[in-house]
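Dumped data.txt below, it's compact mmCIF, C-alpha atoms and all ligand atoms:
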```txt
# COMPACT_ATOMS: atom_id res chain seq x y z
CA MET A 519 -34.14 41.87 58.16
CA THR A 520 -34.02 38.12 58.86
CA GLN A 521 -37.81 37.89 58.82
CA LEU A 522 -38.33 39.38 55.34
CA PRO A 523 -38.95 36.64 52.74
CA LYS A 524 -36.00 36.60 50.35
CA ILE A 525 -35.38 35.30 46.85
CA GLU A 526 -31.77 34.44 46.01
CA LEU A 527 -30.77 34.09 42.35
CA HIS A 528 -26.97 33.80 42.57
CA LEU A 529 -25.44 31.21 44.87
CA HIS A 530 -22.71 28.67 44.07
CA LEU A 531 -23.49 25.40 45.84
CA GLU A 532 -19.84 24.50 46.52
CA GLY A 533 -19.07 28.13 47.37
CA ALA A 534 -21.76 28.00 50.04
CA ALA A 535 -20.20 24.99 51.81
CA PRO A 536 -19.64 25.82 55.50
CA PRO A 537 -15.90 25.52 56.31
CA ALA A 538 -16.63 23.07 59.14
CA PHE A 539 -18.47 20.84 56.68
CA ILE A 540 -15.47 20.78 54.30
CA ARG A 541 -13.06 20.19 57.21
CA GLY A 542 -15.26 17.28 58.32
CA LEU A 543 -15.22 15.69 54.86
CA ALA A 544 -11.43 16.16 54.53
CA LYS A 545 -10.93 14.45 57.89
CA GLU A 546 -13.35 11.60 57.12
CA LYS A 547 -11.57 10.87 53.85
CA SER A 548 -8.01 11.77 54.98
CA ILE A 549 -7.68 14.34 52.17
CA ASP A 550 -4.94 16.95 52.49
CA ILE A 551 -6.50 20.19 51.24
CA GLY A 552 -3.60 22.38 52.37
CA GLY A 553 -3.79 25.57 54.40
CA ILE A 554 -7.09 26.91 53.11
CA PHE A 555 -8.40 27.99 56.55
CA ASP A 556 -7.30 30.83 58.83
CA ALA A 557 -6.76 30.54 62.60
CA ASP A 558 -10.49 31.08 63.20
CA GLY A 559 -11.39 28.27 60.81
CA HIS A 560 -12.65 30.54 58.02
CA TYR A 561 -11.62 30.18 54.39
CA LYS A 562 -8.39 32.08 53.71
CA TYR A 563 -7.37 33.60 50.34
CA LYS A 564 -5.40 36.61 49.10
CA ASP A 565 -7.42 37.77 46.10
CA PHE A 566 -10.02 36.55 43.61
CA TRP A 567 -7.59 34.25 41.78
CA ASP A 568 -6.42 32.73 45.04
CA PHE A 569 -10.09 32.44 46.04
CA LEU A 570 -10.70 30.31 42.93
CA LYS A 571 -7.86 27.96 43.99
CA VAL A 572 -9.15 27.68 47.56
CA TYR A 573 -12.67 27.09 46.20
CA GLU A 574 -11.41 24.23 44.02
CA ALA A 575 -9.35 22.74 46.88
CA ALA A 576 -12.39 22.78 49.18
CA THR A 577 -14.52 21.25 46.41
CA SER A 578 -12.05 18.36 46.02
CA THR A 579 -13.47 16.90 49.27
CA LEU A 580 -16.89 16.49 47.63
CA GLN A 581 -16.57 13.14 45.91
CA SER A 582 -19.93 11.37 45.84
CA PRO A 583 -23.65 11.97 45.37
CA GLU A 584 -24.03 11.38 49.12
CA ASP A 585 -21.59 14.25 49.83
CA TYR A 586 -23.68 16.51 47.61
CA HIS A 587 -26.87 15.38 49.35
CA ARG A 588 -25.39 16.46 52.68
CA LEU A 589 -23.99 19.67 51.21
CA THR A 590 -27.32 20.67 49.67
CA LEU A 591 -29.11 20.17 53.00
CA ALA A 592 -26.44 22.13 54.92
CA VAL A 593 -26.59 25.02 52.45
CA LEU A 594 -30.39 25.19 52.38
CA GLU A 595 -30.50 25.15 56.17
CA GLU A 596 -28.29 28.28 56.24
CA SER A 597 -30.36 29.98 53.54
CA ALA A 598 -33.67 29.19 55.25
CA ALA A 599 -32.30 30.59 58.53
CA SER A 600 -31.74 33.89 56.67
CA GLY A 601 -35.35 34.01 55.48
CA VAL A 602 -34.70 32.73 51.95
CA VAL A 603 -37.83 31.07 50.51
CA TYR A 604 -36.52 30.45 46.99
CA SER A 605 -32.94 29.84 45.90
CA GLU A 606 -31.40 29.41 42.46
CA THR A 607 -28.08 27.69 42.82
CA PHE A 608 -25.23 27.14 40.40
CA LEU A 609 -24.46 23.43 40.00
CA SER A 610 -21.29 22.25 38.26
CA PRO A 611 -20.98 18.92 36.43
CA ASP A 612 -17.23 19.70 36.45
CA PHE A 613 -17.22 18.81 40.15
CA CYS A 614 -20.02 16.23 40.00
CA GLY A 615 -18.76 13.22 38.07
CA ASN A 616 -16.32 15.05 35.77
CA ARG A 617 -19.05 15.90 33.24
CA ASP A 618 -19.96 12.26 32.59
CA VAL A 619 -23.71 12.38 31.89
CA GLY A 620 -24.50 9.15 33.76
CA ALA A 621 -22.55 10.20 36.87
CA TRP A 622 -24.00 13.71 36.67
CA LYS A 623 -27.53 12.27 36.77
CA GLU A 624 -26.69 10.42 39.99
CA TYR A 625 -25.32 13.58 41.62
CA LEU A 626 -28.32 15.55 40.44
CA HIS A 627 -30.72 12.95 41.82
CA ALA A 628 -29.02 13.27 45.24
CA MET A 629 -29.23 17.07 45.19
CA GLN A 630 -32.86 16.97 44.14
CA GLU A 631 -33.73 14.53 46.92
CA ALA A 632 -32.10 16.88 49.44
CA ALA A 633 -33.99 19.82 47.92
CA ASP A 634 -37.30 17.95 48.26
CA GLN A 635 -36.49 17.19 51.90
CA ALA A 636 -35.59 20.84 52.58
CA GLU A 637 -38.79 22.01 50.94
CA ARG A 638 -40.88 19.73 53.17
CA GLN A 639 -38.98 20.52 56.36
CA MET A 640 -37.92 24.16 55.94
CA GLY A 641 -40.24 25.61 53.29
CA ILE A 642 -37.42 26.62 50.96
CA THR A 643 -37.58 25.87 47.22
CA LEU A 644 -34.42 25.14 45.23
CA ARG A 645 -33.84 25.26 41.47
CA GLY A 646 -30.54 24.56 39.71
CA ILE A 647 -28.62 26.52 37.08
CA ILE A 648 -25.95 24.38 35.49
CA THR A 649 -22.77 26.35 35.13
CA CYS A 650 -19.67 25.89 33.04
CA ILE A 651 -16.40 27.34 34.23
CA ARG A 652 -14.67 29.84 31.97
CA HIS A 653 -11.09 29.00 32.87
CA PHE A 654 -11.72 25.29 32.27
CA GLY A 655 -12.21 26.20 28.59
CA PRO A 656 -14.82 25.78 25.81
CA GLU A 657 -14.36 22.02 25.33
CA LYS A 658 -15.31 21.20 28.93
CA ALA A 659 -18.11 23.76 28.66
CA ARG A 660 -19.53 21.76 25.71
CA GLU A 661 -19.60 18.61 27.85
CA THR A 662 -21.24 20.61 30.63
CA ALA A 663 -23.85 21.93 28.18
CA LEU A 664 -24.60 18.35 27.10
CA CYS A 665 -25.16 17.40 30.77
CA ALA A 666 -27.45 20.43 31.00
CA ALA A 667 -29.41 19.53 27.87
CA GLU A 668 -29.86 15.95 29.14
CA THR A 669 -31.27 17.08 32.48
CA ALA A 670 -33.17 20.28 31.61
CA GLY A 671 -36.59 20.30 33.22
CA SER A 672 -38.55 21.56 36.17
CA PHE A 673 -35.57 21.41 38.58
CA ILE A 674 -32.75 22.41 36.20
CA THR A 675 -34.02 25.67 34.79
CA GLY A 676 -30.95 27.55 33.60
CA PHE A 677 -27.43 27.51 32.22
CA GLY A 678 -24.59 29.90 32.98
CA ILE A 679 -20.88 30.55 33.10
CA ALA A 680 -18.69 31.44 36.10
CA GLY A 681 -14.95 31.47 36.75
CA ASP A 682 -12.14 33.75 35.63
CA GLU A 683 -13.64 36.53 33.51
CA LYS A 684 -10.17 37.63 32.39
CA ILE A 685 -9.68 34.43 30.38
CA LEU A 686 -11.23 33.81 26.92
CA ALA A 687 -14.43 35.59 25.77
CA PRO A 688 -18.18 34.90 25.94
CA LYS A 689 -18.29 34.11 22.20
CA ASP A 690 -15.90 31.19 22.80
CA PHE A 691 -18.79 29.55 24.68
CA LEU A 692 -21.48 30.25 22.08
CA TRP A 693 -21.95 26.58 21.14
CA SER A 694 -22.65 25.67 24.78
CA PHE A 695 -25.10 28.53 25.29
CA ASP A 696 -26.93 27.71 22.04
CA CYS A 697 -27.11 24.05 23.08
CA ALA A 698 -28.58 25.01 26.47
CA ARG A 699 -31.03 27.49 24.92
CA GLU A 700 -32.25 24.83 22.47
CA ALA A 701 -32.86 22.51 25.44
CA GLY A 702 -35.22 25.14 26.87
CA LEU A 703 -32.87 26.51 29.53
CA ARG A 704 -32.81 30.19 30.52
CA LEU A 705 -29.42 31.93 30.38
CA THR A 706 -27.18 33.97 32.67
CA ALA A 707 -23.46 34.81 32.58
CA HIS A 708 -20.97 36.18 35.09
CA ALA A 709 -19.68 39.47 33.63
CA GLY A 710 -18.77 42.95 34.80
CA GLU A 711 -17.12 41.70 37.97
CA TRP A 712 -13.43 41.46 36.94
CA GLY A 713 -14.09 42.63 33.41
CA GLY A 714 -15.34 46.14 32.59
CA PRO A 715 -18.35 47.31 30.56
CA GLU A 716 -17.02 45.64 27.38
CA SER A 717 -17.27 42.28 29.14
CA VAL A 718 -20.94 42.92 30.00
CA ARG A 719 -21.63 43.98 26.39
CA ALA A 720 -20.01 40.79 25.09
CA ALA A 721 -22.16 38.60 27.36
CA LEU A 722 -25.30 40.48 26.34
CA HIS A 723 -24.67 40.68 22.60
CA ASP A 724 -22.72 37.48 21.94
CA LEU A 725 -24.60 35.10 24.26
CA ASN A 726 -27.93 36.94 24.46
CA VAL A 727 -28.35 36.19 28.16
CA GLU A 728 -31.34 37.58 30.06
CA ARG A 729 -29.51 37.95 33.38
CA ILE A 730 -25.96 38.96 34.25
CA GLY A 731 -24.11 37.64 37.29
CA HIS A 732 -22.71 40.75 39.03
CA GLY A 733 -22.69 43.20 36.09
CA VAL A 734 -21.86 46.02 38.48
CA ARG A 735 -18.98 47.41 36.44
CA ALA A 736 -21.54 48.46 33.82
CA ILE A 737 -21.70 51.61 35.95
CA GLU A 738 -18.41 52.69 34.30
CA ASP A 739 -20.31 53.28 31.02
CA LEU A 740 -23.64 55.07 31.32
CA ALA A 741 -24.70 54.20 27.76
CA LEU A 742 -24.47 50.55 28.78
CA VAL A 743 -26.44 51.26 31.96
CA ASP A 744 -29.20 52.76 29.77
CA GLU A 745 -29.09 49.72 27.50
CA LEU A 746 -29.44 47.35 30.47
CA ALA A 747 -32.41 49.37 31.72
CA GLU A 748 -34.07 49.38 28.27
CA ARG A 749 -33.53 45.65 27.70
CA GLY A 750 -34.81 44.85 31.20
CA THR A 751 -31.68 42.80 31.87
CA VAL A 752 -31.59 41.65 35.49
CA LEU A 753 -28.35 41.99 37.45
CA GLU A 754 -27.61 39.36 40.09
CA VAL A 755 -25.76 41.76 42.38
CA CYS A 756 -23.67 40.35 45.23
CA PRO A 757 -22.48 43.41 47.15
CA GLY A 758 -20.82 41.58 50.06
CA SER A 759 -18.85 39.42 47.61
CA ASN A 760 -17.68 42.48 45.66
CA ILE A 761 -16.56 44.23 48.84
CA ALA A 762 -14.83 41.16 50.35
CA LEU A 763 -12.93 40.61 47.08
CA GLY A 764 -11.82 44.27 47.02
CA LEU A 765 -13.83 45.50 44.03
CA TYR A 766 -15.30 48.34 46.13
CA LYS A 767 -13.90 49.73 49.34
CA ASP A 768 -17.14 49.61 51.35
CA TRP A 769 -20.95 49.39 51.16
CA ARG A 770 -21.40 53.09 50.44
CA ALA A 771 -19.01 52.90 47.49
CA HIS A 772 -20.95 50.02 45.92
CA PRO A 773 -22.90 50.99 42.75
CA ILE A 774 -26.08 48.97 43.44
CA ALA A 775 -28.10 52.04 44.46
CA GLU A 776 -26.94 54.07 41.44
CA LEU A 777 -27.80 51.21 39.06
CA ASP A 778 -31.24 50.99 40.69
CA ARG A 779 -31.78 54.76 40.43
CA ARG A 780 -30.90 54.61 36.73
CA GLY A 781 -33.62 52.04 36.11
CA VAL A 782 -31.61 48.81 35.97
CA LYS A 783 -33.33 45.77 37.49
CA VAL A 784 -31.14 44.83 40.45
CA THR A 785 -31.42 41.85 42.77
CA VAL A 786 -29.37 40.87 45.84
CA SER A 787 -27.52 37.58 46.44
CA THR A 788 -24.56 36.23 48.41
CA ASP A 789 -22.47 34.38 45.75
CA ASP A 790 -20.30 32.24 48.11
CA PRO A 791 -21.48 33.29 51.59
CA PRO A 792 -18.95 31.68 53.98
CA PHE A 793 -16.04 32.88 51.83
CA PHE A 794 -17.29 36.44 52.20
CA HIS A 795 -18.53 36.24 55.80
CA THR A 796 -22.04 36.95 54.70
CA THR A 797 -25.61 35.63 54.65
CA MET A 798 -28.72 36.94 52.89
CA ALA A 799 -29.91 38.50 56.16
CA ARG A 800 -26.54 40.22 56.55
CA GLU A 801 -26.62 41.57 52.97
CA TYR A 802 -30.04 43.09 53.67
CA ASP A 803 -28.88 44.54 57.00
CA ARG A 804 -25.76 46.13 55.47
CA LEU A 805 -27.77 47.64 52.60
CA ALA A 806 -30.33 49.00 55.05
CA ASP A 807 -27.56 50.58 57.16
CA ALA A 808 -25.35 51.95 54.39
CA LEU A 809 -27.96 53.02 51.85
CA GLU A 810 -30.91 53.60 54.17
CA TRP A 811 -32.97 51.14 52.17
CA ASP A 812 -36.33 50.48 53.81
CA LYS A 813 -38.71 47.55 53.77
CA GLY A 814 -40.40 48.87 50.61
CA GLN A 815 -37.10 48.79 48.73
CA PHE A 816 -36.45 45.19 49.81
CA LEU A 817 -39.97 44.15 48.79
CA LYS A 818 -39.29 45.68 45.36
CA ILE A 819 -36.03 43.67 45.16
CA ALA A 820 -37.87 40.47 46.09
CA GLN A 821 -40.51 41.16 43.42
CA THR A 822 -37.86 41.82 40.74
CA SER A 823 -36.07 38.62 41.80
CA LEU A 824 -39.17 36.44 41.64
CA ASP A 825 -40.15 37.90 38.26
CA ALA A 826 -36.63 37.11 36.98
CA ALA A 827 -36.45 33.62 38.51
CA PHE A 828 -36.08 30.83 35.97
CA CYS A 829 -38.71 28.54 37.53
CA ASP A 830 -42.19 28.02 36.06
CA ALA A 831 -45.26 30.16 36.80
CA ASP A 832 -46.86 27.60 39.14
CA THR A 833 -43.77 27.58 41.35
CA LYS A 834 -43.77 31.39 41.41
CA ASP A 835 -47.47 31.47 42.37
CA ARG A 836 -46.77 29.08 45.23
CA ILE A 837 -43.97 31.30 46.55
CA ARG A 838 -45.64 34.68 46.05
N1 LIG B 901 -17.30 31.20 41.16
C1 LIG B 901 -17.66 31.30 42.43
N2 LIG B 901 -17.73 32.59 42.82
C2 LIG B 901 -17.42 33.33 41.72
C3 LIG B 901 -17.32 34.71 41.46
N3 LIG B 901 -17.55 35.64 42.39
N4 LIG B 901 -16.95 35.10 40.22
C4 LIG B 901 -16.71 34.19 39.27
N5 LIG B 901 -16.79 32.87 39.45
C5 LIG B 901 -17.15 32.45 40.67
ZN ZN B 902 -20.92 33.98 41.24
```

Kindly transcribe the structure held in the file into structure tokens.
Amino acid sequence: MTQLPKIELHLHLEGAAPPAFIRGLAKEKSIDIGGIFDADGHYKYKDFWDFLKVYEAATSTLQSPEDYHRLTLAVLEESAASGVVYSETFLSPDFCGNRDVGAWKEYLHAMQEAADQAERQMGITLRGIITCIRHFGPEKARETALCAAETAGSFITGFGIAGDEKILAPKDFLWSFDCAREAGLRLTAHAGEWGGPESVRAALHDLNVERIGHGVRAIEDLALVDELAERGTVLEVCPGSNIALGLYKDWRAHPIAELDRRGVKVTVSTDDPPFFHTTMAREYDRLADALEWDKGQFLKIAQTSLDAAFCDADTKDRIR
């Protein structure tokens, strides 16, 4: 399935950093990031919460706009090799200048320059969704939202929230989401990954987001599934991530097909590909094998994804 043109809506830039890239930065800067790699050089973690710690340790090697320029190019190269033509990527001012607006603008400029270069050289288009991090708390989220409002535009198209879904509630972040909405940004929230249906309902009703990151645990409440279908809410489903983190035992047990059959708009993304030993091409291949999805099904997914993308209509027309 490598050849099929793919649209990816849910990718964390730092989470997509190849392990060798992070090892290289740690060595260059003599940073001790601890034992975050296994014997084969892959990221090593025990569960989701340990994954978050490893993620943050790896991210500590990224310390300058230049590092983010290199990271953006490395990530887009991997995505383009998988057939991705359009990628929406979560960008975190928490890791880029500690939410200082001036520093954030410098990091953003570097990422945008890399994106322009990748577009010219590899034909892949990047747009950014600024994300706050739930377990860093509402105060830092406000600063993140202010960075988002300052830089909203044709490249920064959305605002979201990631991190530990078990901590705090969507309504604790209402100020930040309202601030981002007023700046013209489109909204998404991670929910229904580690939290159940009530967590998806809270993101929908309290934050009024149009997309949900993951959202798969909505399947535990069929009234909510119907509501998602009726509202036309788009789920950014990341099956390989869910399976690697132990949410479902294998590809056949994953609810993506059932959500699709029940009329929910589903899309397919990788989340943090090297952490989960995946790529967009691999996600497509696994879905084709386990669910017998054919080319028509993947074209439908790509159409749903492009319709739900946060970029402007001209960009969509160029990609279509
Ligand atoms: N940040 C990076 N990957 C994530 C995930 N799968 N869930 C929540 N926050 C994340
Ligand atoms: Zn995610």

Which residues form the shell of 12 Å around ligand ZN 902 (chain B) when you count only C-alpha atoms and all ligand atoms, given as an NGL selection string? :A and (526-534 or 566 or 569-570 or 573 or 606-609 or 647 or 649-652 or 678-683 or 706-712 or 730-733 or 753-760 or 763 or 786-791 or 793-794)

Mind pulling up the distance from atom CA of A:Gln821 to atom CA of A:Val784?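 Answer for the atom CA of A:Val784 to atom CA of A:Gln821 separation: 10.5 Å.
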
I'd like the contact shell of A:Leu522 - 12 Å cut-off, only C-alpha atoms, skipping same-chain residues fewer than 3 positions apart - returned as a list of chain:residue names. A:Met519, A:Ile525, A:Ala598, A:Ala599, A:Ser600, A:Gly601, A:Val602, A:Val603, A:Met798, A:Ala799, A:Arg800, A:Tyr802, A:Asp803, A:Asp812, A:Lys813, A:Gly814, A:Gln815, A:Phe816, A:Leu817, A:Lys818, A:Ile819, A:Ala820

At a cut-off of 9 Å, using all atoms listed in the file, what residues contact A:Ile551? Leave out same-chain residues fewer than 6 positions from it and give the result as a PDB file with C-alpha atoms, keeping the file's coordinate frame.
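The new file selection34.pdb reads:
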```pdb
ATOM      1  CA  ARG A 541     -13.060  20.190  57.210  1.00  0.00           C
ATOM      2  CA  ALA A 544     -11.430  16.160  54.530  1.00  0.00           C
ATOM      3  CA  VAL A 572      -9.150  27.680  47.560  1.00  0.00           C
ATOM      4  CA  ALA A 575      -9.350  22.740  46.880  1.00  0.00           C
ATOM      5  CA  ALA A 576     -12.390  22.780  49.180  1.00  0.00           C
ATOM      6  CA  SER A 578     -12.050  18.360  46.020  1.00  0.00           C
ATOM      7  CA  THR A 579     -13.470  16.900  49.270  1.00  0.00           C
TER       8      THR A 579
END
```

Of the candidates A:Asn726, A:Arg638, A:Arg779, A:Leu580, which shows the shortest atom-to-atom distance to A:Ile549, using all atoms listed in the file?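 When distances to A:Ile549 are compared using all atoms listed in the file, the smallest one comes from A:Leu580.
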
Which value, in Å to one decimal, gives the distance between atom CA of A:Ala663 and atom CA of A:Tyr625?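 Pair atom CA of A:Ala663 / atom CA of A:Tyr625 returns 15.9 Å.
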
Rank A:Gln639, A:Ser582, A:Thr751, A:Thr577 by their smallest atom-to-atom distance to A:Leu594, using only C-alpha atoms, and report the top residue only. A:Gln639

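Restricting the calculation to all atoms listed in the file, the smallest distance between ligand LIG 901 (chain B) and any of A:Lys547, A:Lys562, A:His653, A:Arg699 is found for A:His653.
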
So the first atom is atom CA of A:Leu705 and the second is atom CA of A:Glu748; what is the distance between them in Å, to one decimal place? 18.2 Å

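Distance annotation: of A:Ala747, A:Ile648, A:Asp568, A:Leu809, the residue with the minimal separation from A:Trp769 is A:Leu809; atom set is only C-alpha atoms.
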
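Minimum atom-to-atom distances from A:Asp558, A:Glu738, A:Glu595, A:Glu624 to A:Thr643 were compared using only C-alpha atoms, and the lowest value belongs to A:Glu595.
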